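Let me begin by presenting the structure, written as structure tokens, before commenting on it.
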Amino acid sequence: MLSVTMMSMMLKQTAPARLGLPADFTADGLLAPGDYPLTLDELVGSMLVTGPANRSPTWDADWRAELVGKLRVLVEQLWRVGVTSIFIDGSFVEDKDHPNDIDGYFVCDLKRLASGELERELNLLDPQKCWTWDPSQRRPFLGYPKWQLPMWHAYRVELYPHIGQLCGITDKYGNELEFPSAFRLSRRDGKLRGIIQLIRGAP
């Protein structure tokens, strides 16, 4: 019979290695393509917040850290209702000194989403009651051309449910994409970029 120590050693040897976050952006100013699993604490300490080695003098680490703090509120609510596959990107994973927000998506069950159950459970947890994807709930903000969802106004974060649907974003050929494909392309130039998968840390 294997001891606990031996079993632990075997698990460490067989577990897939996590893709390490690069220390800098690519020459195009993007996070290098790939999926990077990070805890929220690791994200706060990463170059996406503290800045790459060659960061500009106007790199706004304080604002980026604040965005992650707001993201934490929503992600922890998703975890509490059983949603675990959560991905973030947007200009936050590019060399933009002061990104406007954090964008992302999470994988969820169609029936739970369509019935409104997921939205109700999340709004029971959120003091702002900001969980909705109803276009009629979008509101303007300081002359921004795009009207924003309540969660953006409350947290400067937009997380969209993914159930395998097309999302309205197209590739350079005009083909409509699902969230996993769309969010791995830079809106800046259509080039591939990396994405952060948020994982739970040790309890």
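Lettering and numbering for the structure tokens are positional, with chains as A, B, ... in the shown order, residues counted from 1 in each chain, and ligands counted from 1 in the shown order.
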Check which residues of segment 42-80 of chain A sit at most 9 Å from segment 97-120 of chain A using only C-alpha atoms, and return one row each with the closest pair of atoms and their distance in Å to one decimal, ordered by chain and rising number, as CSV.
residue,atom,partner,partner_atom,distance
A:Gly51,CA,A:Asp97,CA,8.7
A:Arg55,CA,A:Asp97,CA,8.4
A:Ser56,CA,A:Asp97,CA,7.5
A:Pro57,CA,A:Asp97,CA,9.0
A:Thr58,CA,A:Asp97,CA,6.3
A:Trp59,CA,A:Asp97,CA,4.4
A:Asp60,CA,A:Asp97,CA,5.6
A:Ala61,CA,A:Asp97,CA,8.2
A:Trp63,CA,A:His98,CA,7.0
A:Arg64,CA,A:His98,CA,7.2
A:Leu67,CA,A:Asp101,CA,6.9
A:Val68,CA,A:Ile102,CA,8.1
A:Leu71,CA,A:Ile102,CA,7.6
A:Leu78,CA,A:Phe106,CA,8.8
Review point. DSSP says alpha helix (DSSP H) for which residues of segment 1-202 of chain A? Put them as a PyMOL selection string?
Key: chain A and resi 4-14+40-44+47-50+61-80+110-114+117-125+150-155+179-182
Closest atom pairs, residues of segment 82-143 of chain A within 10 Å of segment 194-201 of chain A, only C-alpha atoms, as CSV:
residue,atom,partner,partner_atom,distance
A:Thr84,CA,A:Ile199,CA,7.6
A:Ser85,CA,A:Gln197,CA,7.3
A:Ile86,CA,A:Leu198,CA,5.7
A:Phe87,CA,A:Gln197,CA,4.5
A:Ile88,CA,A:Ile196,CA,5.3
A:Asp89,CA,A:Ile195,CA,5.4
A:Gly90,CA,A:Ile195,CA,8.6
A:Phe92,CA,A:Ile195,CA,9.9
A:Val93,CA,A:Ile195,CA,7.3
A:Glu94,CA,A:Gly194,CA,9.2
A:Gly104,CA,A:Ile196,CA,9.1
A:Tyr105,CA,A:Gln197,CA,9.9
A:Phe106,CA,A:Gln197,CA,9.6
File of the preceding selection, N, CA and C atoms, as an mmCIF file, in the first residue's frame:
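The file below, part-v3.cif, is the result:
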data_model
loop_
_atom_site.group_PDB
_atom_site.id
_atom_site.type_symbol
_atom_site.label_atom_id
_atom_site.label_comp_id
_atom_site.auth_asym_id
_atom_site.auth_seq_id
_atom_site.Cartn_x
_atom_site.Cartn_y
_atom_site.Cartn_z
ATOM 1 N N THR A 84 -16.837 27.448 -12.269
ATOM 2 C CA THR A 84 -15.392 27.336 -12.042
ATOM 3 C C THR A 84 -14.532 27.671 -13.254
ATOM 4 N N SER A 85 -15.078 27.595 -14.467
ATOM 5 C CA SER A 85 -14.279 27.880 -15.665
ATOM 6 C C SER A 85 -14.455 29.349 -16.031
ATOM 7 N N ILE A 86 -13.508 30.185 -15.581
ATOM 8 C CA ILE A 86 -13.602 31.631 -15.728
ATOM 9 C C ILE A 86 -12.333 32.135 -16.410
ATOM 10 N N PHE A 87 -12.499 32.932 -17.456
ATOM 11 C CA PHE A 87 -11.366 33.425 -18.239
ATOM 12 C C PHE A 87 -11.473 34.947 -18.372
ATOM 13 N N ILE A 88 -10.320 35.635 -18.277
ATOM 14 C CA ILE A 88 -10.323 37.093 -18.425
ATOM 15 C C ILE A 88 -9.267 37.533 -19.431
ATOM 16 N N ASP A 89 -9.564 38.670 -20.079
ATOM 17 C CA ASP A 89 -8.601 39.208 -21.029
ATOM 18 C C ASP A 89 -8.945 40.661 -21.331
ATOM 19 N N GLY A 90 -9.108 41.000 -22.603
ATOM 20 C CA GLY A 90 -9.353 42.375 -22.998
ATOM 21 C C GLY A 90 -8.048 43.163 -23.003
ATOM 22 N N PHE A 92 -6.700 44.469 -20.718
ATOM 23 C CA PHE A 92 -5.961 44.184 -19.489
ATOM 24 C C PHE A 92 -4.772 43.257 -19.765
ATOM 25 N N VAL A 93 -4.850 42.413 -20.797
ATOM 26 C CA VAL A 93 -3.730 41.521 -21.124
ATOM 27 C C VAL A 93 -2.928 42.072 -22.304
ATOM 28 N N GLU A 94 -3.011 43.379 -22.488
ATOM 29 C CA GLU A 94 -2.208 44.063 -23.500
ATOM 30 C C GLU A 94 -1.416 45.175 -22.814
ATOM 31 N N GLY A 104 -14.205 39.306 -19.805
ATOM 32 C CA GLY A 104 -14.007 37.867 -19.693
ATOM 33 C C GLY A 104 -15.292 37.095 -19.939
ATOM 34 N N TYR A 105 -15.167 35.795 -19.801
ATOM 35 C CA TYR A 105 -16.336 34.927 -19.948
ATOM 36 C C TYR A 105 -16.201 33.752 -18.995
ATOM 37 N N PHE A 106 -17.313 33.097 -18.746
ATOM 38 C CA PHE A 106 -17.304 31.893 -17.912
ATOM 39 C C PHE A 106 -18.233 30.859 -18.541
#
Check your understanding: So which bits of segment 18-201 of chain A end up strand (DSSP E) when you DSSP the backbone, as number ranges by chain?
Key -> A: 35-38, 86-89, 102-107, 157-162, 166-170, 176-178, 195-198
Could you save the residues just selected, with C-alpha atoms, as a tab-separated table (two decimals), in the first residue's frame?
chain	number	residue	atom	x	y	z
A	35	ASP	CA	-3.93	29.81	-21.58
A	36	TYR	CA	-2.35	30.89	-18.30
A	37	PRO	CA	-3.92	29.48	-15.10
A	38	LEU	CA	-3.49	31.97	-12.24
A	86	ILE	CA	-13.60	31.63	-15.73
A	87	PHE	CA	-11.37	33.43	-18.24
A	88	ILE	CA	-10.32	37.09	-18.43
A	89	ASP	CA	-8.60	39.21	-21.03
A	102	ILE	CA	-11.48	43.77	-17.46
A	103	ASP	CA	-13.41	41.58	-19.89
A	104	GLY	CA	-14.01	37.87	-19.69
A	105	TYR	CA	-16.34	34.93	-19.95
A	106	PHE	CA	-17.30	31.89	-17.91
A	107	VAL	CA	-18.69	28.51	-18.90
A	157	VAL	CA	-15.70	44.32	-15.17
A	158	GLU	CA	-17.82	42.52	-17.77
A	159	LEU	CA	-18.09	38.73	-17.53
A	160	TYR	CA	-20.27	36.97	-20.08
A	161	PRO	CA	-21.85	33.50	-19.81
A	162	HIS	CA	-20.69	31.00	-22.44
A	166	LEU	CA	-21.99	32.87	-31.06
A	167	CYS	CA	-21.15	36.17	-29.42
A	168	GLY	CA	-21.49	38.80	-32.15
A	169	ILE	CA	-17.73	39.33	-32.57
A	170	THR	CA	-16.30	38.39	-35.97
A	176	GLU	CA	-18.94	35.16	-36.17
A	177	LEU	CA	-17.08	33.61	-33.25
A	178	GLU	CA	-17.88	31.98	-29.94
A	195	ILE	CA	-5.84	34.59	-21.86
A	196	ILE	CA	-5.91	34.14	-18.09
A	197	GLN	CA	-7.83	31.23	-16.58
A	198	LEU	CA	-8.68	32.05	-12.98
Practice item. Quick one: everything within 10 Å of segment 126-140 of chain A, counting only C-alpha atoms, minus sequence neighbours fewer than 2 positions away in the same chain. Send it as a VMD selection string. Key: chain A and resid 73 to 74 77 116 118 to 124 142 to 155 158 to 161
Point to revise | Nearby residues (only C-alpha atoms) at most 10 Å from Pro33 of chain A, same-chain spacing under 4 positions excluded, as a PyMOL selection string | key: chain A and resi 26+184-185+191-195
Review point. So, counting only C-alpha atoms, which residue among A:Asp189, A:Asp62, A:Glu76, A:Asp95 is closest to Val44 of chain A?
Key: A:Asp62
